[in-house]
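**Q** Pasting start_5.tsv below, which is TSV, C-alpha atoms.
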```tsv
chain	number	residue	atom	x	y	z
A	1	MET	CA	59.42	247.15	172.81
A	2	LEU	CA	59.47	243.63	171.31
A	3	PHE	CA	56.77	242.70	168.82
A	4	PRO	CA	55.70	239.16	167.83
A	5	ILE	CA	57.01	239.76	164.31
A	6	ASP	CA	60.46	240.28	165.85
A	7	LEU	CA	60.26	236.73	167.20
A	8	LYS	CA	58.66	235.16	164.13
A	9	SER	CA	61.06	236.63	161.56
A	10	PRO	CA	64.07	234.51	162.57
A	11	LEU	CA	61.90	231.39	162.49
A	12	SER	CA	60.68	232.23	159.00
A	13	GLY	CA	64.31	232.71	158.00
A	14	ILE	CA	65.28	229.33	159.43
A	15	LYS	CA	62.41	227.59	157.64
A	16	GLY	CA	63.27	229.42	154.42
A	17	ILE	CA	66.93	228.41	154.57
A	18	ALA	CA	65.97	224.83	155.44
A	19	SER	CA	63.64	224.71	152.43
A	20	LEU	CA	66.59	225.64	150.16
A	21	ILE	CA	68.69	222.66	151.25
A	22	PRO	CA	66.78	220.07	149.14
A	23	MET	CA	67.40	222.30	146.12
A	24	GLU	CA	71.16	222.19	146.72
A	25	PHE	CA	71.65	218.52	147.61
A	26	VAL	CA	70.51	215.21	146.17
A	27	MET	CA	68.41	214.06	149.12
A	28	LYS	CA	68.87	210.34	148.42
A	29	ASP	CA	72.62	210.83	148.95
A	30	PHE	CA	71.93	212.13	152.47
A	31	PRO	CA	69.15	209.94	153.95
A	32	GLU	CA	69.22	211.54	157.40
A	33	LEU	CA	69.09	215.08	156.01
A	34	GLU	CA	65.38	214.86	155.22
A	35	GLN	CA	64.70	213.76	158.80
A	36	TYR	CA	66.75	216.66	160.16
A	37	LEU	CA	64.89	219.12	157.95
A	38	GLU	CA	61.58	217.76	159.24
A	39	MET	CA	62.83	218.24	162.81
A	40	ILE	CA	63.68	221.87	161.98
A	41	ASN	CA	60.25	222.38	160.45
A	42	ILE	CA	58.39	220.89	163.42
A	43	SER	CA	60.50	222.84	165.91
A	44	CYS	CA	59.85	226.11	164.05
A	45	ASP	CA	56.11	225.37	163.91
A	46	THR	CA	56.08	224.63	167.63
A	47	MET	CA	57.90	227.88	168.38
A	48	ASN	CA	55.46	229.80	166.15
A	49	ASN	CA	52.57	228.31	168.14
A	50	LEU	CA	54.22	229.37	171.41
A	51	ILE	CA	54.78	232.89	170.07
A	52	ALA	CA	51.12	233.06	169.00
A	53	ASP	CA	50.08	232.00	172.51
A	54	ILE	CA	52.34	234.61	174.11
A	55	THR	CA	50.83	237.22	171.80
A	56	LYS	CA	47.31	236.20	172.87
A	57	ILE	CA	48.30	236.37	176.52
A	58	ALA	CA	49.77	239.84	176.02
A	59	LYS	CA	46.57	241.03	174.34
A	60	ILE	CA	43.99	239.58	176.70
A	61	GLY	CA	46.00	238.85	179.82
A	62	LYS	CA	45.35	235.11	179.71
A	63	ILE	CA	44.90	232.29	177.27
A	64	GLU	CA	42.11	229.78	177.12
A	65	ASN	CA	43.22	226.23	176.65
A	66	LYS	CA	41.52	224.24	173.89
A	67	ASN	CA	41.13	221.02	175.83
A	68	GLU	CA	40.37	217.88	173.86
A	69	VAL	CA	40.98	214.14	173.93
A	70	LEU	CA	44.49	213.52	172.62
A	71	ASP	CA	46.22	210.45	171.23
A	72	THR	CA	49.12	210.14	173.66
A	73	ASN	CA	51.29	208.15	171.25
A	74	GLU	CA	50.91	210.92	168.65
A	75	ILE	CA	51.76	213.61	171.21
A	76	VAL	CA	54.82	211.64	172.37
A	77	ALA	CA	55.93	211.25	168.73
A	78	LEU	CA	55.65	215.01	168.16
A	79	SER	CA	57.44	215.77	171.43
A	80	THR	CA	60.17	213.29	170.57
A	81	THR	CA	60.81	215.13	167.31
A	82	LEU	CA	61.60	218.26	169.33
A	83	VAL	CA	64.41	216.49	171.21
A	84	LYS	CA	65.53	214.00	168.57
A	85	GLY	CA	68.85	215.75	168.10
A	86	LYS	CA	69.58	215.60	171.84
A	87	LEU	CA	68.60	211.92	171.94
A	88	LYS	CA	71.05	211.18	169.15
A	89	VAL	CA	73.93	213.26	170.53
A	90	SER	CA	73.46	211.81	174.03
A	91	LYS	CA	73.02	208.29	172.59
A	92	VAL	CA	69.81	207.85	174.57
A	93	LYS	CA	67.56	204.97	173.55
A	94	LEU	CA	63.88	205.92	173.70
A	95	ILE	CA	61.32	203.20	174.34
A	96	VAL	CA	57.67	204.20	173.97
A	97	GLU	CA	54.96	201.70	174.76
A	98	GLU	CA	52.36	201.26	172.08
A	99	ASN	CA	48.73	202.02	172.78
A	100	LEU	CA	49.25	204.56	175.54
A	101	PRO	CA	45.88	205.72	176.87
A	102	ASN	CA	44.35	208.89	175.49
A	103	ILE	CA	44.65	212.01	177.61
A	104	TYR	CA	42.57	215.16	177.92
A	105	GLY	CA	44.22	218.55	177.63
A	106	ASP	CA	45.39	221.38	175.42
A	107	ARG	CA	47.43	219.96	172.53
A	108	ASN	CA	50.10	222.67	172.48
A	109	ARG	CA	50.55	222.65	176.27
A	110	ILE	CA	50.81	218.86	176.43
A	111	ILE	CA	53.37	218.76	173.60
A	112	GLN	CA	55.35	221.39	175.50
A	113	VAL	CA	55.11	219.47	178.79
A	114	PHE	CA	56.13	216.15	177.21
A	115	GLY	CA	58.99	217.89	175.38
A	116	ASN	CA	60.17	219.35	178.69
A	117	LEU	CA	59.93	215.95	180.41
A	118	LEU	CA	61.98	214.32	177.66
A	119	ASP	CA	64.48	217.17	177.65
A	120	ASN	CA	64.92	216.88	181.43
A	121	ALA	CA	65.22	213.10	181.24
A	122	ILE	CA	68.07	213.49	178.76
A	123	LYS	CA	69.70	216.37	180.63
A	124	TYR	CA	69.68	214.72	184.08
A	125	MET	CA	70.56	211.20	183.01
A	126	GLY	CA	73.97	211.33	184.57
A	127	ASP	CA	76.86	209.26	183.25
A	128	GLN	CA	75.11	206.08	182.15
A	129	LYS	CA	76.77	203.69	179.73
A	130	GLN	CA	73.53	202.78	177.97
A	131	PRO	CA	71.02	205.54	178.74
A	132	VAL	CA	67.35	204.69	178.19
A	133	VAL	CA	64.18	206.72	178.55
A	134	HIS	CA	61.06	204.57	178.83
A	135	ILE	CA	57.58	206.01	178.42
A	136	LYS	CA	54.76	203.78	179.59
A	137	ALA	CA	51.40	203.75	181.32
A	138	GLU	CA	50.89	202.12	184.71
A	139	GLU	CA	47.75	201.49	186.72
A	140	ASN	CA	48.12	202.97	190.19
A	141	GLY	CA	45.71	200.65	191.97
A	142	GLU	CA	42.89	203.15	191.93
A	143	LYS	CA	40.90	204.04	188.86
A	144	ASN	CA	43.70	206.15	187.44
A	145	THR	CA	46.42	205.48	184.90
A	146	VAL	CA	49.78	207.18	185.36
A	147	LEU	CA	52.09	208.03	182.47
A	148	CYS	CA	55.70	207.35	183.42
A	149	PHE	CA	58.80	208.90	181.89
A	150	ARG	CA	61.71	206.88	183.30
```
What do you get writing this file as structure tokens?
**A**
Amino acid sequence: MLFPIDLKSPLSGIKGIASLIPMEFVMKDFPELEQYLEMINISCDTMNNLIADITKIAKIGKIENKNEVLDTNEIVALSTTLVKGKLKVSKVKLIVEENLPNIYGDRNRIIQVFGNLLDNAIKYMGDQKQPVVHIKAEENGEKNTVLCFR
């Protein structure tokens, strides 16, 4: 039987090892290293949140979403951090419109969905010479706004 602690322990180890790196290197000599460490930290926190949700589901059989109004630009920024390494390796340029409209939903679920959308956009880009992912809001002619990941 697998327990949540079995899943959380490796993440704690990763965060612990990552926290040792600034003690071993002069951070100003490696300007991107701090950014990479922050990406590791955010990814580990996101995984811990998912593990906590899975644990709740296992205990009660379902999870209640904590729906709230969310700043879409903030959620996109957090989601982008989760795939930043893939963006860099794939040389994908990410364009995010400013002032995206707020959305209503569960913060953790929306971060997960946006992360998946970005991950899929990178994965299924094909063989483009200058790959670009553009996130913007469009009016659809009715009273709705549509978020587009292109």
**Q** Of the residues A:Thr145, A:Ser90, A:Gln35, A:Asn99, which is the one nearest to Glu74 of chain A, using only C-alpha atoms?
**A**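 Answer, going by the shortest atom-to-atom distance: A:Asn99.
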**Q** Provide the atom CA of Pro131 of chain A to atom CA of Ile111 of chain A distance in Å, to one decimal place.
**A**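 Between atom CA of Pro131 of chain A and atom CA of Ile111 of chain A the gap is 22.6 Å.
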**Q** Can you tell me which residues surround Leu100 of chain A at a distance of at most 10 Å, considering all atoms listed in the file, apart from same-chain residues fewer than 3 positions away, and format the answer as a PDB file with C-alpha atoms, in the coordinates of the input?
**A**
```
ATOM      1  CA  ASP A  71      46.220 210.450 171.230  1.00  0.00           C
ATOM      2  CA  THR A  72      49.120 210.140 173.660  1.00  0.00           C
ATOM      3  CA  ASN A  73      51.290 208.150 171.250  1.00  0.00           C
ATOM      4  CA  GLU A  74      50.910 210.920 168.650  1.00  0.00           C
ATOM      5  CA  VAL A  76      54.820 211.640 172.370  1.00  0.00           C
ATOM      6  CA  VAL A  96      57.670 204.200 173.970  1.00  0.00           C
ATOM      7  CA  GLU A  97      54.960 201.700 174.760  1.00  0.00           C
ATOM      8  CA  ILE A 103      44.650 212.010 177.610  1.00  0.00           C
ATOM      9  CA  ILE A 135      57.580 206.010 178.420  1.00  0.00           C
ATOM     10  CA  LYS A 136      54.760 203.780 179.590  1.00  0.00           C
ATOM     11  CA  ALA A 137      51.400 203.750 181.320  1.00  0.00           C
ATOM     12  CA  GLU A 138      50.890 202.120 184.710  1.00  0.00           C
ATOM     13  CA  THR A 145      46.420 205.480 184.900  1.00  0.00           C
ATOM     14  CA  LEU A 147      52.090 208.030 182.470  1.00  0.00           C
TER      15      LEU A 147
END
```
**Q** Out of A:Cys44, A:Ile54, A:Leu87, A:Met23, which residue has the shortest atom-to-atom distance to Pro10 of chain A when counting all atoms listed in the file?
**A**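 Between A:Cys44, A:Ile54, A:Leu87, A:Met23, the residue approaching Pro10 of chain A most closely is A:Cys44.
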**Q** Can you tell me how far atom CA of Gly126 of chain A sits from atom CA of Lys91 of chain A, in Å to one decimal?
**A**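 Computing the Euclidean distance for atom CA of Gly126 of chain A and atom CA of Lys91 of chain A yields 12.4 Å.
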**Q** Which of these, A:Ile122, A:Val26, A:Cys148, A:Leu20, has the shortest distance to Val92 of chain A once you count all atoms listed in the file?
**A**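 Counting all atoms listed in the file, the residue closest to Val92 of chain A is A:Ile122.
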**Q** So which one's closest to Pro22 of chain A, A:Val83, A:Leu37, A:Ile42, A:Val69? Using all atoms listed in the file, please.
**A** A:Leu37
**Q** Can you work out which one of A:Phe25, A:Leu11, A:Ala18, A:Pro31 has the shortest atom-to-atom distance to Asp45 of chain A, counting only C-alpha atoms?
**A** A:Leu11
**Q** One decimal, in Å: what's the spacing between atom CA of His134 of chain A and atom CA of Phe149 of chain A?
**A**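 These atoms are spaced 5.8 Å apart.
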**Q** Hey, could you pull the box centre and edge lengths for segment 124-128 of chain A, axis-aligned, 8 Å padding per side, all listed atoms, to one decimal in Å, as lines of an AutoDock Vina configuration file?
**A**
```
center_x = 73.3
center_y = 210.4
center_z = 183.4
size_x = 23.2
size_y = 24.6
size_z = 18.4
```
**Q** Which of these, A:Leu70, A:Ile95, A:Leu82, A:Ile75, has the shortest distance to Asp119 of chain A once you count only C-alpha atoms?
**A**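 The closest residue to Asp119 of chain A is A:Leu82.
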